[in-house]
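work.txt (compact mmCIF, N, CA, C and O atoms)
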```txt
# COMPACT_ATOMS: atom_id res chain seq x y z
N MET Y 15 -5.93 -34.09 18.57
CA MET Y 15 -7.28 -34.60 18.60
C MET Y 15 -7.75 -34.85 17.17
O MET Y 15 -7.51 -34.02 16.30
N ALA Y 16 -8.40 -35.95 16.94
CA ALA Y 16 -8.84 -36.32 15.60
C ALA Y 16 -10.07 -35.51 15.19
O ALA Y 16 -10.90 -35.14 16.02
N ALA Y 17 -10.14 -35.21 13.89
CA ALA Y 17 -11.29 -34.47 13.38
C ALA Y 17 -12.50 -35.41 13.28
O ALA Y 17 -12.36 -36.55 12.83
N PRO Y 18 -13.66 -34.95 13.73
CA PRO Y 18 -14.84 -35.83 13.65
C PRO Y 18 -15.29 -36.02 12.21
O PRO Y 18 -15.22 -35.11 11.39
N THR Y 19 -15.73 -37.23 11.91
CA THR Y 19 -16.18 -37.51 10.54
C THR Y 19 -17.64 -37.13 10.34
O THR Y 19 -18.04 -36.77 9.25
N ASP Y 20 -18.46 -37.16 11.42
CA ASP Y 20 -19.88 -36.81 11.33
C ASP Y 20 -20.08 -35.47 12.03
O ASP Y 20 -20.11 -35.39 13.25
N THR Y 21 -20.18 -34.41 11.24
CA THR Y 21 -20.26 -33.07 11.82
C THR Y 21 -21.69 -32.58 11.98
O THR Y 21 -21.90 -31.48 12.47
N HIS Y 22 -22.68 -33.35 11.55
CA HIS Y 22 -24.10 -32.95 11.62
C HIS Y 22 -24.31 -31.60 10.91
O HIS Y 22 -24.92 -30.68 11.44
N ALA Y 23 -23.77 -31.49 9.72
CA ALA Y 23 -23.88 -30.24 8.98
C ALA Y 23 -25.31 -30.00 8.49
O ALA Y 23 -25.73 -28.86 8.35
N GLU Y 24 -26.05 -31.09 8.27
CA GLU Y 24 -27.43 -30.91 7.82
C GLU Y 24 -28.32 -30.58 9.00
O GLU Y 24 -28.09 -31.06 10.11
N PRO Y 25 -29.35 -29.75 8.79
CA PRO Y 25 -30.24 -29.44 9.91
C PRO Y 25 -31.03 -30.68 10.34
O PRO Y 25 -31.47 -31.47 9.51
N VAL Y 26 -31.18 -30.81 11.64
CA VAL Y 26 -31.87 -31.98 12.17
C VAL Y 26 -33.37 -31.86 11.93
O VAL Y 26 -34.02 -32.82 11.54
N ASN Y 27 -33.92 -30.68 12.17
CA ASN Y 27 -35.35 -30.48 12.00
C ASN Y 27 -35.59 -29.80 10.65
O ASN Y 27 -35.57 -28.58 10.55
N ASN Y 28 -35.82 -30.60 9.62
CA ASN Y 28 -36.03 -30.02 8.29
C ASN Y 28 -37.47 -30.26 7.81
O ASN Y 28 -37.73 -30.27 6.62
N GLU Y 29 -38.40 -30.43 8.75
CA GLU Y 29 -39.80 -30.61 8.38
C GLU Y 29 -40.46 -29.24 8.21
O GLU Y 29 -40.06 -28.26 8.81
N LYS Y 30 -41.50 -29.21 7.40
CA LYS Y 30 -42.24 -27.96 7.20
C LYS Y 30 -43.12 -27.69 8.43
O LYS Y 30 -43.66 -28.61 9.02
N PRO Y 31 -43.27 -26.43 8.83
CA PRO Y 31 -44.06 -26.11 10.03
C PRO Y 31 -45.56 -26.11 9.75
O PRO Y 31 -46.25 -25.11 9.91
N THR Y 32 -46.09 -27.24 9.32
CA THR Y 32 -47.50 -27.28 8.94
C THR Y 32 -48.41 -27.19 10.16
O THR Y 32 -49.49 -26.63 10.08
N GLN Y 33 -47.98 -27.75 11.29
CA GLN Y 33 -48.84 -27.71 12.46
C GLN Y 33 -48.98 -26.27 12.98
O GLN Y 33 -50.06 -25.86 13.38
N GLY Y 34 -47.91 -25.52 12.96
CA GLY Y 34 -47.97 -24.14 13.41
C GLY Y 34 -48.85 -23.29 12.51
O GLY Y 34 -49.60 -22.43 12.98
N ILE Y 35 -48.76 -23.52 11.20
CA ILE Y 35 -49.60 -22.79 10.26
C ILE Y 35 -51.07 -23.16 10.48
O ILE Y 35 -51.95 -22.30 10.49
N PHE Y 36 -51.33 -24.46 10.72
CA PHE Y 36 -52.70 -24.90 10.98
C PHE Y 36 -53.25 -24.25 12.24
O PHE Y 36 -54.39 -23.79 12.26
N MET Y 37 -52.44 -24.18 13.28
CA MET Y 37 -52.91 -23.58 14.53
C MET Y 37 -53.16 -22.09 14.35
O MET Y 37 -54.08 -21.54 14.95
N GLY Y 38 -52.34 -21.44 13.54
CA GLY Y 38 -52.56 -20.02 13.28
C GLY Y 38 -53.86 -19.76 12.56
O GLY Y 38 -54.63 -18.87 12.92
N TYR Y 39 -54.11 -20.55 11.50
CA TYR Y 39 -55.37 -20.39 10.77
C TYR Y 39 -56.56 -20.77 11.63
O TYR Y 39 -57.62 -20.14 11.56
N LEU Y 40 -56.42 -21.78 12.49
CA LEU Y 40 -57.50 -22.17 13.39
C LEU Y 40 -57.82 -21.03 14.36
O LEU Y 40 -58.99 -20.73 14.62
N ALA Y 41 -56.79 -20.37 14.87
CA ALA Y 41 -56.99 -19.25 15.79
C ALA Y 41 -57.70 -18.10 15.08
O ALA Y 41 -58.59 -17.47 15.66
N ILE Y 42 -57.32 -17.81 13.84
CA ILE Y 42 -57.97 -16.72 13.10
C ILE Y 42 -59.44 -17.05 12.84
O ILE Y 42 -60.32 -16.20 13.01
N VAL Y 43 -59.72 -18.29 12.45
CA VAL Y 43 -61.10 -18.69 12.17
C VAL Y 43 -61.94 -18.62 13.44
O VAL Y 43 -63.08 -18.14 13.42
N LEU Y 44 -61.40 -19.09 14.56
CA LEU Y 44 -62.14 -19.02 15.82
C LEU Y 44 -62.36 -17.58 16.27
O LEU Y 44 -63.41 -17.25 16.82
N LEU Y 45 -61.40 -16.70 16.02
CA LEU Y 45 -61.57 -15.29 16.36
C LEU Y 45 -62.68 -14.66 15.52
O LEU Y 45 -63.53 -13.94 16.06
N VAL Y 46 -62.70 -14.94 14.22
CA VAL Y 46 -63.75 -14.41 13.36
C VAL Y 46 -65.11 -14.96 13.78
O VAL Y 46 -66.10 -14.22 13.84
N PHE Y 47 -65.17 -16.25 14.11
CA PHE Y 47 -66.42 -16.85 14.56
C PHE Y 47 -66.91 -16.20 15.85
O PHE Y 47 -68.11 -15.92 16.00
N ALA Y 48 -66.00 -15.95 16.79
CA ALA Y 48 -66.38 -15.31 18.05
C ALA Y 48 -66.88 -13.89 17.82
O ALA Y 48 -67.84 -13.46 18.47
N VAL Y 49 -66.27 -13.16 16.90
CA VAL Y 49 -66.72 -11.79 16.61
C VAL Y 49 -68.11 -11.82 15.97
O VAL Y 49 -68.97 -10.99 16.29
N ILE Y 50 -68.34 -12.79 15.08
CA ILE Y 50 -69.66 -12.89 14.45
C ILE Y 50 -70.73 -13.23 15.49
O ILE Y 50 -71.81 -12.63 15.50
N VAL Y 51 -70.44 -14.18 16.36
CA VAL Y 51 -71.41 -14.55 17.41
C VAL Y 51 -71.66 -13.37 18.34
O VAL Y 51 -72.82 -13.11 18.71
N ALA Y 52 -70.63 -12.64 18.71
CA ALA Y 52 -70.81 -11.47 19.57
C ALA Y 52 -71.64 -10.40 18.85
O ALA Y 52 -72.49 -9.76 19.47
N GLY Y 53 -71.41 -10.21 17.56
CA GLY Y 53 -72.20 -9.24 16.80
C GLY Y 53 -73.66 -9.63 16.73
O GLY Y 53 -74.55 -8.78 16.87
N ILE Y 54 -73.93 -10.91 16.53
CA ILE Y 54 -75.31 -11.38 16.49
C ILE Y 54 -75.97 -11.18 17.86
O ILE Y 54 -77.13 -10.76 17.95
N ALA Y 55 -75.23 -11.46 18.93
CA ALA Y 55 -75.78 -11.30 20.27
C ALA Y 55 -76.07 -9.83 20.58
O ALA Y 55 -77.12 -9.50 21.16
N ILE Y 56 -75.18 -8.96 20.19
CA ILE Y 56 -75.40 -7.52 20.41
C ILE Y 56 -76.59 -7.03 19.58
O ILE Y 56 -77.43 -6.26 20.06
N TYR Y 57 -76.67 -7.48 18.33
CA TYR Y 57 -77.79 -7.08 17.47
C TYR Y 57 -79.12 -7.59 18.03
O TYR Y 57 -80.11 -6.87 18.04
N ALA Y 58 -79.13 -8.84 18.51
CA ALA Y 58 -80.36 -9.40 19.07
C ALA Y 58 -80.76 -8.63 20.33
O ALA Y 58 -81.95 -8.36 20.54
N GLY Y 59 -79.78 -8.30 21.16
CA GLY Y 59 -80.10 -7.53 22.37
C GLY Y 59 -80.58 -6.13 22.04
O GLY Y 59 -81.52 -5.63 22.65
N ALA Y 60 -79.98 -5.49 21.04
CA ALA Y 60 -80.37 -4.13 20.68
C ALA Y 60 -81.76 -4.10 20.06
O ALA Y 60 -82.54 -3.17 20.28
N SER Y 61 -82.09 -5.12 19.29
CA SER Y 61 -83.40 -5.12 18.62
C SER Y 61 -84.52 -5.49 19.59
O SER Y 61 -85.68 -5.29 19.27
N HIS Y 62 -84.16 -6.03 20.77
CA HIS Y 62 -85.19 -6.37 21.74
C HIS Y 62 -85.08 -5.51 23.00
O HIS Y 62 -85.63 -5.84 24.04
N GLY Y 63 -84.38 -4.41 22.93
CA GLY Y 63 -84.33 -3.44 24.02
C GLY Y 63 -83.43 -3.82 25.18
O GLY Y 63 -83.57 -3.25 26.26
N PHE Y 64 -82.54 -4.76 25.03
CA PHE Y 64 -81.60 -5.19 26.08
C PHE Y 64 -82.32 -5.53 27.38
O PHE Y 64 -81.86 -5.24 28.46
N SER Y 65 -83.50 -6.13 27.29
CA SER Y 65 -84.24 -6.45 28.51
C SER Y 65 -84.33 -7.95 28.74
O SER Y 65 -84.20 -8.72 27.84
```
Would you encode the structure as structure tokens?
Amino acid sequence: MAAPTDTHAEPVNNEKPTQGIFMGYLAIVLLVFAVIVAGIAIYAGASHGFS
């Protein structure tokens, strides 16, 4: 059997994972935003007697 001339030695996917990094930072920012909003809501409820 003949040896193949194109062995695909180079990686096919050699792009930087920028989308995954962006999604990770977006998730962290949204988590921090949700915690801040929840803290404001709890503070507002506590200062008005939760009524």
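The gap separating atom N of Ile54 in chain Y from atom O of Ala41 in chain Y is 16.7 Å, in Å to one decimal.
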task = Work out how far apart atom C of Pro31 in chain Y and CA of Leu45 in chain Y are and give it in Å to one decimal.
result = 20.4 Å
query = What does the distance from atom O of Tyr57 in chain Y to atom N of Ile42 in chain Y come to in Å, to one decimal?
reply =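 Distance between the two atoms: 25.6 Å.
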Padded axis-aligned box of range 39-55 of chain Y (8 Å per side), centre and edge lengths, Å, one decimal, as AutoDock Vina command-line options:
```
--center_x -65.6 --center_y -15.5 --center_z 16.0 --size_x 39.0 --size_y 29.4 --size_z 26.4
```
